[in-house]
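Worksheet: one structure, shown below.
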Amino acid sequence: MKHGAIFDMDGTLFDTERLYQDSWMALAEEFGQIPNPDFPKAVCGSSGTNMRNIIHTYYPEIDAERFMQCCIARVAQMVETEVPYKPGVKEILSYLRDQGIKIAVASSNSHAQIEKNLRLAGIREYFDVIAGGDEVENSKPAPDIFLLAAARLGCAPEECYVFEDGTNGLRAGAAAGCTTIMIPDLTPPTEELRAICDGVYDSLLVARAALEQASQQR
């Protein structure tokens with residue numbers, strides 16, 4: 001077993017990635033654009049300058065900063081009273097904590113929004129540290145946020161699991177040198193993603209069972 005476990009938030013812990021996907025498409029129309037179905041997946045997991053650059057690539061005429069802030073605000077309003085979590089969240093978090101493994105969230109969301117969502121979902125107590133997209137210079141697929149989370153846990157990156165659902169996040173976890181595990185949400189496990197992942201599991205429940213089985217075999 002590793003010493004640390006780092007979780008992405010949207011699409012991994014919470015069933016919220018589809019809220020972003022739908023919001024990006026709806027907002028494109030509101031901003032007078034023809035919605036590009038490839039954009040939501042391209043922008044998934046990004047933040048800050050990287051997100052603005054992706055927006056400019058797909059929608060050159062849009063005010064990227066306003067477009068970005070409108071989407072963030074829209075989704076924040078949607079989860080104001082309830083944050084639906086994915087199957088197996090509490091089970092895997094409880095298991096890791098019982099094994100003495102330190103746990104972090106590393107999300108492209110702001111530190112404050114991560115904190116709010118975790119508390120609203122009633123799972124803040126499981127996490128030792130948080131790393132937000134507003135705390136790093138380069139967003140996923142750069143490894144910065146996972147390196148920050150590992151440092152805050154007091155662990156070397158290679159001693160950490162990363163649980164992710166999106167392409168940018170999986171690339172970031174692999175680039176950081178972490179043991180990267182894919183829990184597919186809206187992105188299917190392509191050959192490229194399987195090649196950079198140490199495991200692909202249908203849910204966090206299945207991932208938890210795999211970790212326990214591997215531990216018992218040692």
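Naming scheme: A, B, ... for chains in displayed order of the structure tokens; residues 1 onward per chain; ligands 1 onward as shown.
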
Distance table requested - stretch 167-196 of chain A against stretch 32-54 of chain A, cut-off 12 Å, only C-alpha atoms: one row per qualifying residue with the closest atom pair and its distance in Å to one decimal, ordered by chain and rising residue number, as JSON lines.
{"residue": "A:Thr167", "atom": "CA", "partner": "A:Cys44", "partner_atom": "CA", "distance": 7.8}
{"residue": "A:Asn168", "atom": "CA", "partner": "A:Gly45", "partner_atom": "CA", "distance": 5.8}
{"residue": "A:Gly169", "atom": "CA", "partner": "A:Gly45", "partner_atom": "CA", "distance": 6.0}
{"residue": "A:Leu170", "atom": "CA", "partner": "A:Gly45", "partner_atom": "CA", "distance": 9.6}
{"residue": "A:Arg171", "atom": "CA", "partner": "A:Gly45", "partner_atom": "CA", "distance": 10.5}
{"residue": "A:Ala172", "atom": "CA", "partner": "A:Gly45", "partner_atom": "CA", "distance": 9.7}
{"residue": "A:Gly173", "atom": "CA", "partner": "A:Gly45", "partner_atom": "CA", "distance": 11.8}
{"residue": "A:Asp185", "atom": "CA", "partner": "A:Lys41", "partner_atom": "CA", "distance": 11.4}
{"residue": "A:Leu186", "atom": "CA", "partner": "A:Lys41", "partner_atom": "CA", "distance": 8.5}
{"residue": "A:Thr187", "atom": "CA", "partner": "A:Lys41", "partner_atom": "CA", "distance": 7.8}
{"residue": "A:Pro188", "atom": "CA", "partner": "A:Lys41", "partner_atom": "CA", "distance": 11.1}

From stretch 34-203 of chain A, collect each residue whose DSSP state is strand (DSSP E or B) and return the set as a VMD selection string.
-> chain A and resid 85 102 to 107 129 to 132 160 to 164 179 to 182 199 to 200

Give me a file of those residues, with N, CA and C atoms, as a PDB file, in the first residue's frame.
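Heads up, here's the output in out.pdb:
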ATOM      1  N   TYR A  85     -22.556  12.403  -4.397  1.00  0.00           N
ATOM      2  CA  TYR A  85     -21.270  11.737  -4.544  1.00  0.00           C
ATOM      3  C   TYR A  85     -21.407  10.403  -5.264  1.00  0.00           C
ATOM      4  N   LYS A 102      -2.809   8.690   4.335  1.00  0.00           N
ATOM      5  CA  LYS A 102      -3.230  10.084   4.322  1.00  0.00           C
ATOM      6  C   LYS A 102      -3.984  10.381   3.025  1.00  0.00           C
ATOM      7  N   ILE A 103      -4.987  11.252   3.112  1.00  0.00           N
ATOM      8  CA  ILE A 103      -5.884  11.468   1.970  1.00  0.00           C
ATOM      9  C   ILE A 103      -5.977  12.954   1.620  1.00  0.00           C
ATOM     10  N   ALA A 104      -5.969  13.238   0.310  1.00  0.00           N
ATOM     11  CA  ALA A 104      -6.055  14.613  -0.179  1.00  0.00           C
ATOM     12  C   ALA A 104      -7.071  14.719  -1.308  1.00  0.00           C
ATOM     13  N   VAL A 105      -7.546  15.942  -1.532  1.00  0.00           N
ATOM     14  CA  VAL A 105      -8.292  16.279  -2.742  1.00  0.00           C
ATOM     15  C   VAL A 105      -7.421  17.227  -3.549  1.00  0.00           C
ATOM     16  N   ALA A 106      -7.313  16.967  -4.848  1.00  0.00           N
ATOM     17  CA  ALA A 106      -6.596  17.871  -5.750  1.00  0.00           C
ATOM     18  C   ALA A 106      -7.515  18.143  -6.939  1.00  0.00           C
ATOM     19  N   SER A 107      -8.111  19.313  -6.945  1.00  0.00           N
ATOM     20  CA  SER A 107      -9.115  19.645  -7.962  1.00  0.00           C
ATOM     21  C   SER A 107      -8.808  20.977  -8.607  1.00  0.00           C
ATOM     22  N   VAL A 129      -5.680  17.032   3.656  1.00  0.00           N
ATOM     23  CA  VAL A 129      -5.299  18.286   2.995  1.00  0.00           C
ATOM     24  C   VAL A 129      -6.125  18.486   1.726  1.00  0.00           C
ATOM     25  N   ILE A 130      -6.113  19.728   1.247  1.00  0.00           N
ATOM     26  CA  ILE A 130      -6.769  20.118   0.004  1.00  0.00           C
ATOM     27  C   ILE A 130      -5.764  20.868  -0.846  1.00  0.00           C
ATOM     28  N   ALA A 131      -5.808  20.637  -2.156  1.00  0.00           N
ATOM     29  CA  ALA A 131      -5.017  21.425  -3.105  1.00  0.00           C
ATOM     30  C   ALA A 131      -5.968  21.903  -4.197  1.00  0.00           C
ATOM     31  N   GLY A 132      -6.067  23.231  -4.352  1.00  0.00           N
ATOM     32  CA  GLY A 132      -6.998  23.808  -5.314  1.00  0.00           C
ATOM     33  C   GLY A 132      -6.317  24.343  -6.554  1.00  0.00           C
ATOM     34  N   CYS A 160       2.133   7.901  -3.666  1.00  0.00           N
ATOM     35  CA  CYS A 160       0.728   8.319  -3.651  1.00  0.00           C
ATOM     36  C   CYS A 160      -0.079   7.659  -4.765  1.00  0.00           C
ATOM     37  N   TYR A 161      -1.296   7.284  -4.429  1.00  0.00           N
ATOM     38  CA  TYR A 161      -2.279   6.941  -5.448  1.00  0.00           C
ATOM     39  C   TYR A 161      -2.922   8.237  -5.933  1.00  0.00           C
ATOM     40  N   VAL A 162      -3.289   8.280  -7.187  1.00  0.00           N
ATOM     41  CA  VAL A 162      -4.135   9.344  -7.712  1.00  0.00           C
ATOM     42  C   VAL A 162      -5.364   8.686  -8.313  1.00  0.00           C
ATOM     43  N   PHE A 163      -6.537   9.126  -7.883  1.00  0.00           N
ATOM     44  CA  PHE A 163      -7.799   8.630  -8.417  1.00  0.00           C
ATOM     45  C   PHE A 163      -8.411   9.725  -9.279  1.00  0.00           C
ATOM     46  N   GLU A 164      -8.604   9.428 -10.548  1.00  0.00           N
ATOM     47  CA  GLU A 164      -9.044  10.426 -11.529  1.00  0.00           C
ATOM     48  C   GLU A 164     -10.031   9.826 -12.517  1.00  0.00           C
ATOM     49  N   THR A 179       0.980   6.656  -8.669  1.00  0.00           N
ATOM     50  CA  THR A 179       0.269   5.476  -9.129  1.00  0.00           C
ATOM     51  C   THR A 179      -1.135   5.929  -9.496  1.00  0.00           C
ATOM     52  N   THR A 180      -1.404   6.026 -10.783  1.00  0.00           N
ATOM     53  CA  THR A 180      -2.609   6.683 -11.270  1.00  0.00           C
ATOM     54  C   THR A 180      -3.688   5.668 -11.617  1.00  0.00           C
ATOM     55  N   ILE A 181      -4.862   5.865 -11.028  1.00  0.00           N
ATOM     56  CA  ILE A 181      -5.979   4.941 -11.178  1.00  0.00           C
ATOM     57  C   ILE A 181      -7.156   5.675 -11.805  1.00  0.00           C
ATOM     58  N   MET A 182      -7.687   5.090 -12.876  1.00  0.00           N
ATOM     59  CA  MET A 182      -8.825   5.699 -13.564  1.00  0.00           C
ATOM     60  C   MET A 182     -10.138   5.101 -13.083  1.00  0.00           C
ATOM     61  N   GLY A 199      -4.229   1.242 -13.194  1.00  0.00           N
ATOM     62  CA  GLY A 199      -5.437   0.452 -13.031  1.00  0.00           C
ATOM     63  C   GLY A 199      -6.639   1.226 -13.533  1.00  0.00           C
ATOM     64  N   VAL A 200      -7.625   0.522 -14.050  1.00  0.00           N
ATOM     65  CA  VAL A 200      -8.889   1.125 -14.486  1.00  0.00           C
ATOM     66  C   VAL A 200     -10.004   0.311 -13.849  1.00  0.00           C
TER      67      VAL A 200
END

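Taking atom CA of A:Gly133 as the reference point, atom CA of A:Asp10 is found at 12.5 Å.
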
Exercise: A:Lys116 partners within 10 Å, only C-alpha atoms, chain neighbours under 4 positions left out, as a ChimeraX atom specification = /A:76,79-80,83,110-112,120-122,124

Export, as an mmCIF file, in the first residue's frame, the selected residues with C-alpha atoms.
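Result saved to selection13.cif:
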data_model
loop_
_atom_site.group_PDB
_atom_site.id
_atom_site.type_symbol
_atom_site.label_atom_id
_atom_site.label_comp_id
_atom_site.auth_asym_id
_atom_site.auth_seq_id
_atom_site.Cartn_x
_atom_site.Cartn_y
_atom_site.Cartn_z
ATOM 1 C CA ALA A 76 -21.673 26.414 -7.850
ATOM 2 C CA VAL A 79 -24.627 22.392 -5.868
ATOM 3 C CA GLU A 80 -25.534 25.048 -3.337
ATOM 4 C CA VAL A 83 -23.475 17.588 -3.795
ATOM 5 C CA SER A 110 -10.745 26.788 -6.008
ATOM 6 C CA HIS A 111 -9.643 25.735 -2.530
ATOM 7 C CA ALA A 112 -12.715 27.432 -1.060
ATOM 8 C CA LEU A 120 -21.834 19.952 2.191
ATOM 9 C CA ALA A 121 -21.438 16.283 1.222
ATOM 10 C CA GLY A 122 -20.472 15.378 4.789
ATOM 11 C CA ARG A 124 -14.630 16.674 4.922
#

Out of A:Tyr20, A:Tyr95, A:Phe31, A:Tyr59, which residue has the shortest atom-to-atom distance to A:Ile72 when counting only C-alpha atoms?
-> A:Tyr20

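A straight line drawn from atom CA of A:Thr12 to atom CA of A:Gly88 is 10.2 Å long.
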
Mind checking which residues fall within 10 Å of A:Glu212, counting only C-alpha atoms, ignoring those fewer than 2 positions away in the same chain, and posting them as an MDAnalysis selection string?
-> chainID A and resid 1 92 95:96 99 206:210 214:217

So which residues of stretch 4-153 of chain A fall under alpha helix (DSSP H) by DSSP, listed as number ranges by chain?
-> A: 17-30, 39-43, 48-58, 64-78, 89-98, 111-121, 144-153

Pick the closest to A:Cys197 from A:Asp165, A:Glu135, A:Glu17, A:Glu29: which is it, counting only C-alpha atoms?
->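 Nearest candidate to A:Cys197 out of A:Asp165, A:Glu135, A:Glu17, A:Glu29: A:Asp165.
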
Compare A:Arg18, A:Arg66, A:Lys140, A:Arg74 by their minimum atom-to-atom distance to A:Ala175, counting only C-alpha atoms, and give me the closest one.
-> A:Lys140

Counting only C-alpha atoms, the option among A:Ala150, A:Phe127, A:Met25, A:Val136 closest to A:Tyr58 | A:Met25
